[in-house]
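Source file: my_file_23.txt. Holds: compact mmCIF, C-alpha atoms.
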```
# COMPACT_ATOMS: atom_id res chain seq x y z
CA MET A 715 30.38 -3.17 157.46
CA SER A 716 29.59 -1.18 154.33
CA GLN A 717 31.48 -3.78 152.26
CA VAL A 718 29.22 -6.48 153.70
CA LEU A 719 26.16 -4.40 152.84
CA ASP A 720 27.51 -3.83 149.31
CA LEU A 721 27.80 -7.59 148.93
CA PHE A 722 24.07 -7.98 149.46
CA SER A 723 23.00 -4.79 147.70
CA ASN A 724 21.64 -6.70 144.71
CA ILE A 725 18.74 -7.89 146.86
CA GLY A 726 17.42 -4.35 146.62
CA ASN A 727 17.21 -4.69 142.85
CA PHE A 728 14.52 -7.36 143.11
CA THR A 729 11.17 -6.39 141.58
CA TRP A 730 7.86 -8.08 142.34
CA GLN A 731 7.61 -9.13 138.69
CA GLN A 732 10.91 -10.99 138.97
CA GLY A 733 9.71 -12.62 142.18
CA LEU A 734 6.55 -13.73 140.37
CA MET A 735 8.59 -15.18 137.50
CA ILE A 736 10.82 -17.08 139.93
CA PHE A 737 7.62 -18.47 141.49
CA ILE A 738 6.37 -19.47 138.01
CA GLY A 739 9.74 -21.12 137.31
CA ALA A 740 9.48 -23.05 140.58
CA LEU A 741 5.89 -24.01 139.71
CA LEU A 742 7.02 -25.41 136.34
CA ILE A 743 9.72 -27.45 138.11
CA TYR A 744 7.10 -28.70 140.61
CA LEU A 745 4.69 -29.71 137.82
CA ALA A 746 7.51 -31.47 135.97
CA ILE A 747 8.69 -33.46 138.99
CA LYS A 748 5.54 -34.06 141.03
CA LYS A 749 2.91 -34.22 138.28
CA ASP A 750 5.16 -35.66 135.55
CA MET A 751 3.96 -32.96 133.12
CA GLU A 752 6.35 -32.86 130.12
CA PRO A 753 9.28 -33.01 132.60
CA ALA A 754 11.96 -32.99 129.90
CA LEU A 755 10.92 -29.49 128.88
CA LEU A 756 9.08 -27.93 131.78
CA LEU A 757 11.96 -28.54 134.19
CA PRO A 758 14.66 -26.83 132.05
CA MET A 759 12.18 -24.06 131.20
CA GLY A 760 11.40 -23.54 134.87
CA PHE A 761 15.07 -23.43 135.82
CA GLY A 762 15.79 -21.10 132.89
CA ALA A 763 13.02 -18.79 134.13
CA ILE A 764 14.69 -18.60 137.56
CA LEU A 765 18.13 -18.08 136.01
CA VAL A 766 17.13 -15.08 133.88
CA ASN A 767 14.97 -13.38 136.50
CA LEU A 768 17.57 -12.93 139.19
CA PRO A 769 18.38 -9.22 139.40
CA LEU A 770 21.29 -8.24 137.14
CA SER A 771 21.57 -11.90 136.07
CA GLY A 772 24.80 -12.67 134.27
CA ALA A 773 23.04 -15.41 132.29
CA VAL A 774 21.32 -12.80 130.12
CA GLY A 775 22.62 -9.55 128.65
CA PRO A 776 24.79 -9.26 125.54
CA ASP A 777 27.27 -12.00 126.51
CA GLY A 778 25.14 -14.09 128.84
CA ILE A 779 25.09 -17.84 128.28
CA ILE A 780 21.29 -17.98 127.86
CA THR A 781 21.48 -15.15 125.31
CA THR A 782 24.22 -17.04 123.46
CA LEU A 783 22.21 -20.28 123.46
CA PHE A 784 19.08 -18.42 122.31
CA ARG A 785 20.98 -16.85 119.43
CA ALA A 786 22.68 -20.11 118.51
CA GLY A 787 19.69 -22.40 118.56
CA ILE A 788 16.33 -20.70 118.70
CA GLU A 789 16.68 -17.39 116.88
CA ASN A 790 17.85 -19.27 113.79
CA GLU A 791 15.38 -22.22 114.31
CA LEU A 792 18.25 -24.74 114.60
CA PHE A 793 17.14 -26.48 117.82
CA PRO A 794 13.52 -27.20 116.82
CA LEU A 795 14.62 -28.55 113.45
CA LEU A 796 17.25 -30.83 114.98
CA LEU A 797 14.65 -32.02 117.47
CA PHE A 798 12.42 -32.96 114.55
CA ILE A 799 15.04 -35.48 113.37
CA GLY A 800 14.78 -37.19 116.75
CA ILE A 801 10.96 -37.07 116.74
CA GLY A 802 10.83 -38.47 113.20
CA ALA A 803 13.10 -41.33 114.27
CA MET A 804 10.76 -42.11 117.16
CA ILE A 805 7.52 -42.29 115.14
CA ASP A 806 6.23 -45.53 113.70
CA PHE A 807 3.91 -44.59 110.83
CA ALA A 808 2.73 -48.21 110.34
CA PRO A 809 -0.75 -47.67 111.89
CA LEU A 810 -1.24 -44.75 109.51
CA LEU A 811 0.10 -46.56 106.43
CA SER A 812 -2.16 -49.47 107.29
CA ASN A 813 -5.23 -47.21 107.48
CA PRO A 814 -4.53 -43.96 105.57
CA LYS A 815 -8.09 -42.73 106.12
CA MET A 816 -6.84 -41.60 109.54
CA LEU A 817 -4.84 -38.86 107.79
CA LEU A 818 -8.05 -36.89 107.32
CA PHE A 819 -8.53 -36.58 111.09
CA GLY A 820 -5.04 -35.14 111.40
CA ALA A 821 -6.05 -32.42 108.94
CA ALA A 822 -9.43 -31.70 110.57
CA ALA A 823 -7.91 -31.42 114.04
CA GLN A 824 -5.83 -28.42 112.97
CA PHE A 825 -9.01 -26.30 112.90
CA GLY A 826 -8.12 -24.78 116.27
CA ILE A 827 -5.04 -23.14 114.74
CA PHE A 828 -6.98 -21.14 112.19
CA PHE A 829 -9.88 -20.43 114.55
CA THR A 830 -7.43 -19.07 117.14
CA PHE A 831 -5.75 -16.93 114.49
CA SER A 832 -9.09 -15.20 113.95
CA MET A 833 -9.70 -14.86 117.69
CA ALA A 834 -6.23 -13.39 118.26
CA SER A 835 -6.84 -10.94 115.40
CA LEU A 836 -10.17 -10.00 116.98
CA LEU A 837 -8.33 -9.16 120.19
CA GLY A 838 -5.97 -6.86 118.31
CA PHE A 839 -2.81 -8.92 117.99
CA VAL A 840 -0.84 -8.02 114.85
CA PRO A 841 -0.70 -10.84 112.22
CA LYS A 842 2.79 -12.10 113.17
CA ASP A 843 1.78 -12.43 116.83
CA ALA A 844 -1.69 -13.79 116.02
CA ALA A 845 -0.12 -16.47 113.81
CA SER A 846 2.47 -17.34 116.47
CA ILE A 847 -0.23 -17.63 119.12
CA ALA A 848 -2.48 -19.67 116.82
CA ILE A 849 0.25 -22.23 116.23
CA ILE A 850 -0.04 -23.26 119.89
CA GLY A 851 -2.93 -25.28 118.44
CA ALA A 852 -0.43 -27.38 116.50
CA ALA A 853 0.04 -29.14 119.85
CA ASP A 854 3.64 -29.55 118.81
CA GLY A 855 6.34 -27.67 120.69
CA PRO A 856 9.04 -27.57 118.01
CA THR A 857 6.55 -26.28 115.40
CA SER A 858 5.46 -23.53 117.81
CA ILE A 859 9.09 -22.57 118.44
CA PHE A 860 9.85 -22.60 114.71
CA VAL A 861 6.90 -20.40 113.70
CA ALA A 862 7.10 -17.97 116.63
CA GLY A 863 10.87 -17.72 116.14
CA LEU A 864 10.57 -17.14 112.40
CA PHE A 865 8.02 -14.36 112.93
CA LYS A 866 10.15 -12.95 115.78
CA SER A 867 7.00 -12.76 117.89
CA ASN A 868 7.08 -10.44 120.87
CA TYR A 869 5.28 -13.11 122.89
CA PHE A 870 7.66 -16.00 122.35
CA GLY A 871 7.92 -16.85 126.08
CA PRO A 872 4.19 -17.05 126.88
CA ILE A 873 3.59 -18.97 123.64
CA MET A 874 6.16 -21.62 124.62
CA VAL A 875 4.82 -21.95 128.15
CA ALA A 876 1.26 -22.29 126.80
CA ALA A 877 2.28 -24.79 124.08
CA TYR A 878 4.13 -27.15 126.40
CA SER A 879 1.77 -26.77 129.37
CA TYR A 880 -1.32 -27.58 127.32
CA MET A 881 0.40 -30.53 125.66
CA ALA A 882 0.98 -31.94 129.11
CA LEU A 883 -2.62 -31.12 130.03
CA VAL A 884 -4.18 -32.98 127.07
CA PRO A 885 -5.52 -35.73 129.39
CA ILE A 886 -7.34 -33.02 131.36
CA ILE A 887 -8.45 -30.75 128.47
CA GLN A 888 -9.71 -33.28 125.94
CA PRO A 889 -12.10 -35.62 127.85
CA PRO A 890 -14.67 -32.98 128.91
CA VAL A 891 -14.62 -31.42 125.43
CA ILE A 892 -15.10 -34.83 123.78
CA ARG A 893 -17.95 -35.68 126.16
CA LEU A 894 -19.57 -32.33 125.45
CA VAL A 895 -19.68 -32.81 121.67
CA THR A 896 -20.44 -36.57 121.48
CA THR A 897 -23.34 -38.71 122.64
CA ARG A 898 -22.83 -41.93 124.62
CA LYS A 899 -24.12 -43.87 121.62
CA GLU A 900 -21.39 -42.34 119.46
CA ARG A 901 -18.70 -43.09 122.05
CA LEU A 902 -19.82 -46.72 122.07
CA ILE A 903 -19.20 -47.20 118.34
CA ARG A 904 -16.84 -50.12 117.87
CA MET A 905 -14.26 -50.15 115.12
CA ALA A 906 -12.72 -53.36 113.88
CA TYR A 907 -8.97 -53.19 113.43
CA VAL A 908 -7.16 -55.32 110.92
CA GLN A 909 -3.42 -54.69 110.77
CA LYS A 910 -2.61 -54.78 107.08
CA PRO A 911 0.99 -55.76 106.43
CA ILE A 912 3.14 -52.88 105.15
CA SER A 913 6.16 -53.54 102.97
CA GLN A 914 9.61 -52.20 103.81
CA ALA A 915 9.63 -50.35 100.46
CA THR A 916 6.45 -48.45 101.43
CA LYS A 917 7.91 -47.50 104.80
CA ILE A 918 11.07 -46.19 103.11
CA LEU A 919 9.31 -44.35 100.30
CA PHE A 920 6.69 -42.75 102.57
CA PRO A 921 8.96 -40.10 104.18
CA ILE A 922 10.49 -39.22 100.82
CA VAL A 923 7.10 -38.87 99.11
CA VAL A 924 5.63 -36.79 101.97
CA THR A 925 8.61 -34.41 101.87
CA ILE A 926 8.24 -33.92 98.12
CA ILE A 927 4.45 -33.37 98.25
CA ALA A 928 4.59 -30.99 101.22
CA GLY A 929 7.57 -29.20 99.70
CA VAL A 930 5.86 -28.66 96.36
CA ILE A 931 2.46 -27.59 97.70
CA ALA A 932 3.60 -25.72 100.84
CA PRO A 933 7.28 -24.86 100.32
CA ALA A 934 7.51 -23.00 103.63
CA SER A 935 6.86 -26.29 105.42
CA VAL A 936 9.72 -28.14 103.74
CA SER A 937 12.31 -27.69 106.49
CA LEU A 938 9.84 -28.76 109.18
CA VAL A 939 8.40 -31.72 107.26
CA GLY A 940 11.75 -32.56 105.73
CA PHE A 941 13.61 -32.90 109.02
CA LEU A 942 10.75 -34.90 110.55
CA MET A 943 10.74 -37.24 107.56
CA PHE A 944 14.54 -37.41 107.45
CA GLY A 945 14.46 -38.76 111.00
CA ASN A 946 11.82 -41.29 109.97
CA LEU A 947 13.84 -42.36 106.93
CA ILE A 948 16.84 -43.04 109.18
CA ARG A 949 14.55 -45.23 111.31
CA GLU A 950 12.97 -47.17 108.47
CA CYS A 951 15.87 -47.61 106.05
CA GLY A 952 17.18 -50.56 108.05
CA VAL A 953 20.87 -49.79 107.54
CA LEU A 954 21.31 -46.92 110.01
CA ARG A 955 20.21 -48.51 113.26
CA GLY A 956 22.98 -46.79 115.24
CA LEU A 957 22.11 -43.34 113.85
CA SER A 958 18.42 -43.98 114.42
CA GLU A 959 19.02 -44.83 118.06
CA SER A 960 21.30 -41.81 118.51
CA ALA A 961 18.67 -39.52 116.96
CA GLN A 962 15.94 -40.95 119.21
CA LYS A 963 18.00 -40.76 122.39
CA GLU A 964 21.18 -38.65 122.49
CA LEU A 965 20.23 -36.04 119.88
CA ALA A 966 16.64 -35.62 121.08
CA ASN A 967 17.67 -35.50 124.75
CA LEU A 968 20.50 -33.04 124.24
CA ILE A 969 18.47 -30.67 122.08
CA THR A 970 15.50 -30.87 124.46
CA LEU A 971 17.78 -29.94 127.34
CA LEU A 972 19.28 -26.92 125.56
CA LEU A 973 15.94 -25.89 124.07
CA GLY A 974 14.18 -25.84 127.42
CA ILE A 975 16.74 -23.73 129.19
CA SER A 976 17.19 -21.37 126.20
CA ILE A 977 13.46 -20.58 126.15
CA GLY A 978 14.07 -18.99 129.55
CA PHE A 979 15.60 -16.06 127.64
CA ARG A 980 12.11 -15.02 126.63
CA MET A 981 10.71 -15.47 130.12
CA GLN A 982 12.25 -12.33 131.56
CA ALA A 983 9.81 -10.48 133.79
CA LEU A 984 10.75 -7.04 132.60
CA GLU A 985 10.87 -5.44 129.18
CA THR A 986 14.19 -6.01 127.41
CA THR A 987 15.80 -4.96 124.16
CA PHE A 988 17.14 -7.69 121.92
CA ASN A 989 18.78 -7.00 118.54
CA GLY A 990 17.29 -3.50 118.62
CA ILE A 991 13.77 -4.87 119.18
CA THR A 992 11.90 -4.15 122.41
CA VAL A 993 10.61 -7.41 123.85
CA PRO A 994 7.75 -7.00 126.34
CA GLY A 995 8.12 -8.54 129.77
CA PHE A 996 6.51 -11.87 130.56
CA VAL A 997 4.40 -10.43 133.38
CA SER A 998 1.59 -8.76 131.46
CA VAL A 999 -2.12 -9.00 130.69
CA GLU A 1000 -1.18 -10.26 127.21
CA THR A 1001 0.41 -13.36 128.76
CA LEU A 1002 -2.91 -14.28 130.38
CA VAL A 1003 -4.74 -13.64 127.09
CA ILE A 1004 -2.24 -15.87 125.24
CA MET A 1005 -2.74 -18.66 127.78
CA LEU A 1006 -6.51 -18.38 127.19
CA LEU A 1007 -6.11 -18.36 123.41
CA GLY A 1008 -3.86 -21.44 123.63
CA LEU A 1009 -6.59 -23.25 125.54
CA ILE A 1010 -9.13 -22.19 122.90
CA ALA A 1011 -6.81 -23.58 120.20
CA PHE A 1012 -6.64 -27.00 121.88
CA ILE A 1013 -10.41 -27.08 122.47
CA PHE A 1014 -11.25 -26.22 118.86
CA ASP A 1015 -8.68 -28.69 117.53
CA THR A 1016 -10.56 -31.38 119.44
CA VAL A 1017 -13.97 -30.10 118.30
CA GLY A 1018 -12.78 -29.91 114.67
CA GLY A 1019 -11.58 -33.52 114.70
CA VAL A 1020 -14.73 -34.86 116.37
CA PHE A 1021 -17.11 -33.00 114.05
CA PHE A 1022 -15.19 -34.13 110.99
CA ALA A 1023 -15.64 -37.75 112.12
CA LYS A 1024 -19.37 -37.10 112.57
CA ILE A 1025 -19.58 -35.67 109.05
CA MET A 1026 -17.75 -38.72 107.68
CA ASN A 1027 -20.26 -40.97 109.42
CA LEU A 1028 -23.07 -39.32 107.44
CA PHE A 1029 -21.58 -40.68 104.22
CA SER A 1030 -19.85 -43.86 105.34
CA LYS A 1031 -21.15 -47.39 105.90
CA ASN A 1032 -18.40 -48.28 108.36
CA LYS A 1033 -19.03 -45.84 111.18
CA VAL A 1034 -16.09 -44.16 112.85
CA ASN A 1035 -16.09 -43.54 116.58
CA PRO A 1036 -16.04 -39.70 116.61
CA MET A 1037 -13.59 -39.71 119.51
CA ILE A 1038 -10.95 -40.86 117.00
CA GLY A 1039 -11.19 -37.39 115.42
CA ALA A 1040 -9.99 -35.85 118.67
CA ALA A 1041 -6.80 -37.92 118.45
CA GLY A 1042 -5.93 -36.03 115.27
CA ILE A 1043 -4.10 -33.38 117.28
CA SER A 1044 -0.36 -33.72 117.31
CA ALA A 1045 0.14 -34.35 121.04
CA PHE A 1046 1.58 -37.85 120.66
CA PRO A 1047 0.95 -40.27 122.31
CA MET A 1048 -1.15 -38.55 124.99
CA SER A 1049 -4.13 -37.89 122.76
CA SER A 1050 -4.42 -41.45 121.45
CA ARG A 1051 -4.18 -42.76 125.02
CA VAL A 1052 -6.94 -40.37 126.14
CA VAL A 1053 -9.27 -41.60 123.37
CA HIS A 1054 -8.41 -45.23 124.04
CA LYS A 1055 -9.11 -44.85 127.77
CA MET A 1056 -12.39 -43.03 127.13
CA GLY A 1057 -13.46 -45.83 124.78
CA LEU A 1058 -12.64 -48.46 127.39
CA LYS A 1059 -14.52 -46.52 130.05
CA GLU A 1060 -17.70 -46.60 127.96
CA ASP A 1061 -17.24 -50.19 126.82
CA PRO A 1062 -14.45 -52.34 128.31
CA GLU A 1063 -14.20 -54.30 125.06
CA ASN A 1064 -13.87 -51.34 122.72
CA PHE A 1065 -10.19 -51.08 121.78
CA LEU A 1066 -9.56 -47.85 119.88
CA LEU A 1067 -5.83 -47.50 120.50
CA MET A 1068 -4.51 -48.44 117.04
CA HIS A 1069 -7.07 -46.27 115.22
CA ALA A 1070 -6.31 -43.40 117.59
CA ALA A 1071 -2.55 -43.90 117.12
CA GLY A 1072 -3.04 -43.66 113.34
CA ALA A 1073 -4.94 -40.38 113.72
CA ASN A 1074 -2.38 -39.14 116.24
CA VAL A 1075 0.68 -39.67 114.01
CA SER A 1076 -1.21 -38.11 111.12
CA GLY A 1077 -1.67 -35.12 113.43
CA GLN A 1078 2.14 -34.92 113.63
CA ILE A 1079 2.35 -34.58 109.86
CA ALA A 1080 -0.65 -32.25 109.58
CA SER A 1081 0.60 -29.93 112.33
CA VAL A 1082 3.94 -29.29 110.62
CA ILE A 1083 2.13 -28.73 107.31
CA ALA A 1084 -0.18 -26.29 109.13
CA GLY A 1085 2.92 -24.51 110.44
CA GLY A 1086 4.22 -24.22 106.88
CA LEU A 1087 0.88 -22.94 105.59
CA ILE A 1088 0.70 -20.31 108.34
CA ILE A 1089 4.20 -19.14 107.37
CA SER A 1090 3.24 -19.06 103.67
CA MET A 1091 0.02 -17.15 104.30
CA ILE A 1092 1.07 -14.71 107.01
CA GLY A 1093 4.74 -14.31 106.01
CA PRO A 1094 3.99 -11.83 103.21
CA LEU A 1095 1.93 -9.67 105.62
CA VAL A 1096 4.82 -9.48 108.06
CA LYS A 1097 7.50 -8.37 105.57
CA MET L 1039 -0.32 -4.08 121.49
CA GLN L 1040 -3.47 -2.56 122.90
CA LEU L 1041 -5.95 -5.25 123.84
CA GLY L 1042 -9.33 -4.57 122.37
CA PHE L 1043 -11.82 -5.85 119.83
CA TYR L 1044 -10.83 -5.37 116.23
CA PHE L 1045 -13.71 -6.60 114.07
CA ASN L 1046 -12.04 -5.49 110.84
CA GLU L 1047 -9.05 -7.66 111.68
CA LEU L 1048 -11.43 -10.54 112.48
CA LEU L 1049 -13.16 -10.17 109.12
CA GLY L 1050 -9.80 -9.91 107.40
CA SER L 1051 -8.59 -13.09 109.07
CA LEU L 1052 -11.61 -15.25 108.12
CA PRO L 1053 -10.38 -16.00 104.58
CA TYR L 1054 -7.15 -17.34 106.11
CA MET L 1055 -9.20 -19.83 108.13
CA GLY L 1056 -10.81 -21.14 104.93
CA ILE L 1057 -7.64 -21.10 102.86
CA GLY L 1058 -5.62 -22.70 105.65
CA MET L 1059 -8.01 -25.61 106.18
CA LEU L 1060 -8.38 -26.06 102.42
CA GLY L 1061 -4.58 -26.06 102.06
CA ILE L 1062 -4.13 -28.71 104.75
CA PHE L 1063 -6.76 -30.96 103.20
CA VAL L 1064 -5.19 -30.60 99.74
CA VAL L 1065 -1.76 -31.65 101.05
CA ILE L 1066 -3.21 -34.45 103.20
CA LEU L 1067 -5.35 -35.80 100.35
CA ALA L 1068 -2.28 -35.80 98.10
CA ILE L 1069 -0.39 -37.79 100.76
CA TYR L 1070 -3.41 -40.09 101.16
CA GLY L 1071 -3.39 -40.80 97.43
CA CYS L 1072 0.33 -41.53 97.49
CA ILE L 1073 -0.01 -43.95 100.42
CA ALA L 1074 -2.76 -45.76 98.54
CA LEU L 1075 -0.48 -46.02 95.49
CA LEU L 1076 2.49 -47.17 97.59
CA ASN L 1077 0.35 -49.81 99.29
CA ARG L 1078 -0.88 -50.98 95.90
CA PHE L 1079 2.43 -51.14 94.05
CA PHE L 1080 4.64 -52.18 96.96
CA ALA L 1081 2.27 -54.54 98.76
CA PRO L 1082 4.13 -57.26 100.69
CA LYS L 1083 4.41 -60.45 98.67
CA SER L 1084 2.09 -63.21 99.84
CA LYS L 1085 3.80 -66.42 100.97
CA GLU L 1086 1.08 -68.54 99.36
```
Serialized structure, structure tokens:
Amino acid sequence: MSQVLDLFSNIGNFTWQQGLMIFIGALLIYLAIKKDMEPALLLPMGFGAILVNLPLSGAVGPDGIITTLFRAGIENELFPLLLFIGIGAMIDFAPLLSNPKMLLFGAAAQFGIFFTFSMASLLGFVPKDAASIAIIGAADGPTSIFVAGLFKSNYFGPIMVAAYSYMALVPIIQPPVIRLVTTRKERLIRMAYVQKPISQATKILFPIVVTIIAGVIAPASVSLVGFLMFGNLIRECGVLRGLSESAQKELANLITLLLGISIGFRMQALETTFNGITVPGFVSVETLVIMLLGLIAFIFDTVGGVFFAKIMNLFSKNKVNPMIGAAGISAFPMSSRVVHKMGLKEDPENFLLMHAAGANVSGQIASVIAGGLIISMIGPLVK
Amino acid sequence: MQLGFYFNELLGSLPYMGIGMLGIFVVILAIYGCIALLNRFFAPKSKE
């Protein structure tokens, strides 16, 4: 009898915090399956959260498989960088090359990152954590992982959950914010779209030139930008179709799978020690504050993009629909779809998709540059 | 971390907001200029 009881003794090791984390893991799986919210990442993250929060889980600890995966791919930033090759291979920069003015919206829509950095500092987060939280506003999961991993932020888990959850929630977050800061007259502005032909040489040279410029001006961004642009070069060169398809499918899928489940390592309910550093548990007031700051980052990204478009309209003959500015965040292609749908709702003949797509892919570039700039600026304070 | 309001940290972080946004616009404008040059020098040849 006592042997039977011993067999089930681990049940007594359950804490309410672990129970809560298992519930959160199940919630992420539910959102991924039922609501189709970033399923490729939220589902592995949710399962990872369950895996690491079982009492005395063998998946974590010095030789646990999740610990091993975390060390192998996230602690050294390998997974997010490899994922960037796949993302770069997926992106068609033609709408941006055809209308490079859209690049400016990508830059303006990073405002939320720097605003959130100040807000996080105001709330008492140390610079490395404030910077890692702020980068949620990049609306780009791999950039968030890269920066938070590089700074060895204590809040890696909540930052990842916030980054990916809010990316999936872009269609819910952006429309009310856009409506709040634009008038109906502004939302009705029509923009003619003429697809200018782009030469193959331009498409090939673009990723190389961007890597060199970003590398020279913001050297800390070179691995992020470089891997993104490497993926795009594979796509556009025309002689590596097989590699391009592998990068877009097999590589991206495999890395996404491992990335999602490895993030679970930092979703442990209780305080742990990793490499001699005490990592706070996921269940804390700080987690709620980080979720709030992440939301602020997304809201102010949107506001920054919209207001920049309004400022441009003061000086430009060809008016820009300010909603295009909101598509400058990196969440691709959700943000451009949101803007396009909002345009159609106001005027069924107002097609903003290609303009919004141009701003949206420029947001991809601007967000990784923002990540590099954050590393360059805050890095010296951390050392 | 103790949650609380740290106005000195806020004031200290404000320059980063300005420098960060300026930095992004400098890089983006440089890329903008290069795209314009690429489009000019490598424009697709007209069939006319």
Neighbours of chain L in chain A at 6 Å, counting all atoms listed in the file, as an mmCIF file with C-alpha atoms, in the coordinates of the input:
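And here's result-v3.cif as it stands now:
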```
data_model
loop_
_atom_site.group_PDB
_atom_site.id
_atom_site.type_symbol
_atom_site.label_atom_id
_atom_site.label_comp_id
_atom_site.auth_asym_id
_atom_site.auth_seq_id
_atom_site.Cartn_x
_atom_site.Cartn_y
_atom_site.Cartn_z
ATOM 1 C CA PRO A 814 -4.530 -43.960 105.570
ATOM 2 C CA ALA A 821 -6.050 -32.420 108.940
ATOM 3 C CA PHE A 828 -6.980 -21.140 112.190
ATOM 4 C CA SER A 832 -9.090 -15.200 113.950
ATOM 5 C CA SER A 835 -6.840 -10.940 115.400
ATOM 6 C CA LEU A 836 -10.170 -10.000 116.980
ATOM 7 C CA LEU A 837 -8.330 -9.160 120.190
ATOM 8 C CA GLY A 838 -5.970 -6.860 118.310
ATOM 9 C CA SER A 913 6.160 -53.540 102.970
ATOM 10 C CA THR A 916 6.450 -48.450 101.430
#
```
Could you work out how far atom CA of A:Ala1011 lies from atom CA of A:Gly826, giving the answer in Å with one decimal?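 Rounded to one decimal, the two atoms are 4.3 Å apart.
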So how many Å separate atom CA of A:Phe944 and atom CA of A:Asp806, to one decimal?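 Interatomic distance here is 13.2 Å.
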Assuming 4 Å of padding per side, give the centre and edge lengths of the axis-aligned box around every listed atom of stretch 1044-1050 of chain L, in Å to one decimal and as AutoDock Vina command-line options.
```
--center_x -11.4 --center_y -8.0 --center_z 111.8 --size_x 12.7 --size_y 13.2 --size_z 16.8
```
Near-stretch 1068-1074 of chain A list (6 Å; all atoms listed in the file; drop same-chain fewer than 4 positions) as a PyMOL selection string: chain A and resi 809-810+816+819-820+1038+1041-1042+1044+1050
Rounded to one decimal, what separation in Å do you get between atom CA of A:Thr1001 and atom CA of A:Pro794? 22.5 Å
Tell me, counting all atoms listed in the file, for each residue of stretch 773-888 of chain A within 8 Å of stretch 971-979 of chain A, which pair of atoms is nearest and how far apart they are in Å to one decimal, in rows ordered by chain and increasing number, as CSV.
```
residue,atom,partner,partner_atom,distance
A:Val774,CA,A:Phe979,CA,7.0
A:Ile780,CA,A:Ser976,CA,5.6
A:Thr781,CA,A:Phe979,CA,6.4
A:Leu783,CA,A:Ser976,CA,5.8
A:Phe784,CA,A:Ser976,CA,5.2
A:Gly787,CA,A:Leu973,CA,7.5
A:Ile788,CA,A:Leu973,CA,7.5
A:Phe793,CA,A:Leu973,CA,6.4
A:Pro794,CA,A:Leu973,CA,7.8
A:Gly871,CA,A:Ile977,CA,6.7
A:Met874,CA,A:Ile977,CA,7.5
```
Top pick for closest residue to A:Ile850, considering A:Gly940, A:Pro1094, A:Gly1008, A:Pro753 and counting only C-alpha atoms: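 Using only C-alpha atoms, the shortest distance to A:Ile850 belongs to A:Gly1008.
Each of A:Val999, A:Ile1010, A:Ala934, A:Val884 was compared to A:Val1052 using only C-alpha atoms, and A:Val884 turns out to be the nearest.
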So which residues touch A:Leu1002 within 12 Å, counting only C-alpha atoms, skipping near sequence neighbours fewer than 3 positions away, as a ChimeraX atom specification? /A:869,871-873,875-876,996-999,1005-1009 /L:1041
Considering only C-alpha atoms, return as number ranges by chain whatever protein or nucleic-acid residues lie within 8 Å of A:Thr970, sequence-local ones (same chain, fewer than 5 positions apart) excluded. A: 754-755, 797
I need the chosen residues saved as a CSV table (one decimal), in the frame of the given file, with C-alpha atoms.
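Saved result, again02.csv, follows:
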```csv
chain,number,residue,atom,x,y,z
A,754,ALA,CA,12.0,-33.0,129.9
A,755,LEU,CA,10.9,-29.5,128.9
A,797,LEU,CA,14.6,-32.0,117.5
```
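Proximity ranking of A:Ile747, A:Ala803, A:Leu818, A:Val993 relative to A:Arg955 places A:Ala803 first, based on all atoms listed in the file.
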Fewer than 2 positions away in the same chain doesn't count, so skip those; otherwise give me all residues within 10 Å of A:Gly1018, counting all atoms listed in the file, as a list in words.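 Residues near the query, excluding close chain neighbours: Phe819, Gly820, Ala821, Ala822, Ala823, Gln824, Phe825, Gly826, Phe829, Phe1012, Ile1013, Phe1014, Asp1015, Thr1016, Val1020, Phe1021, Phe1022, Ala1023, Lys1024, Gly1039, Ala1040, Gly1042 and Ile1043 of chain A.
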With only C-alpha atoms as the atoms that count, which of A:Ser937, A:Gln982, A:Asn868, A:Gln888 lies nearest to A:Ala773?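 Of A:Ser937, A:Gln982, A:Asn868, A:Gln888, the one nearest A:Ala773 is A:Gln982, counting only C-alpha atoms.
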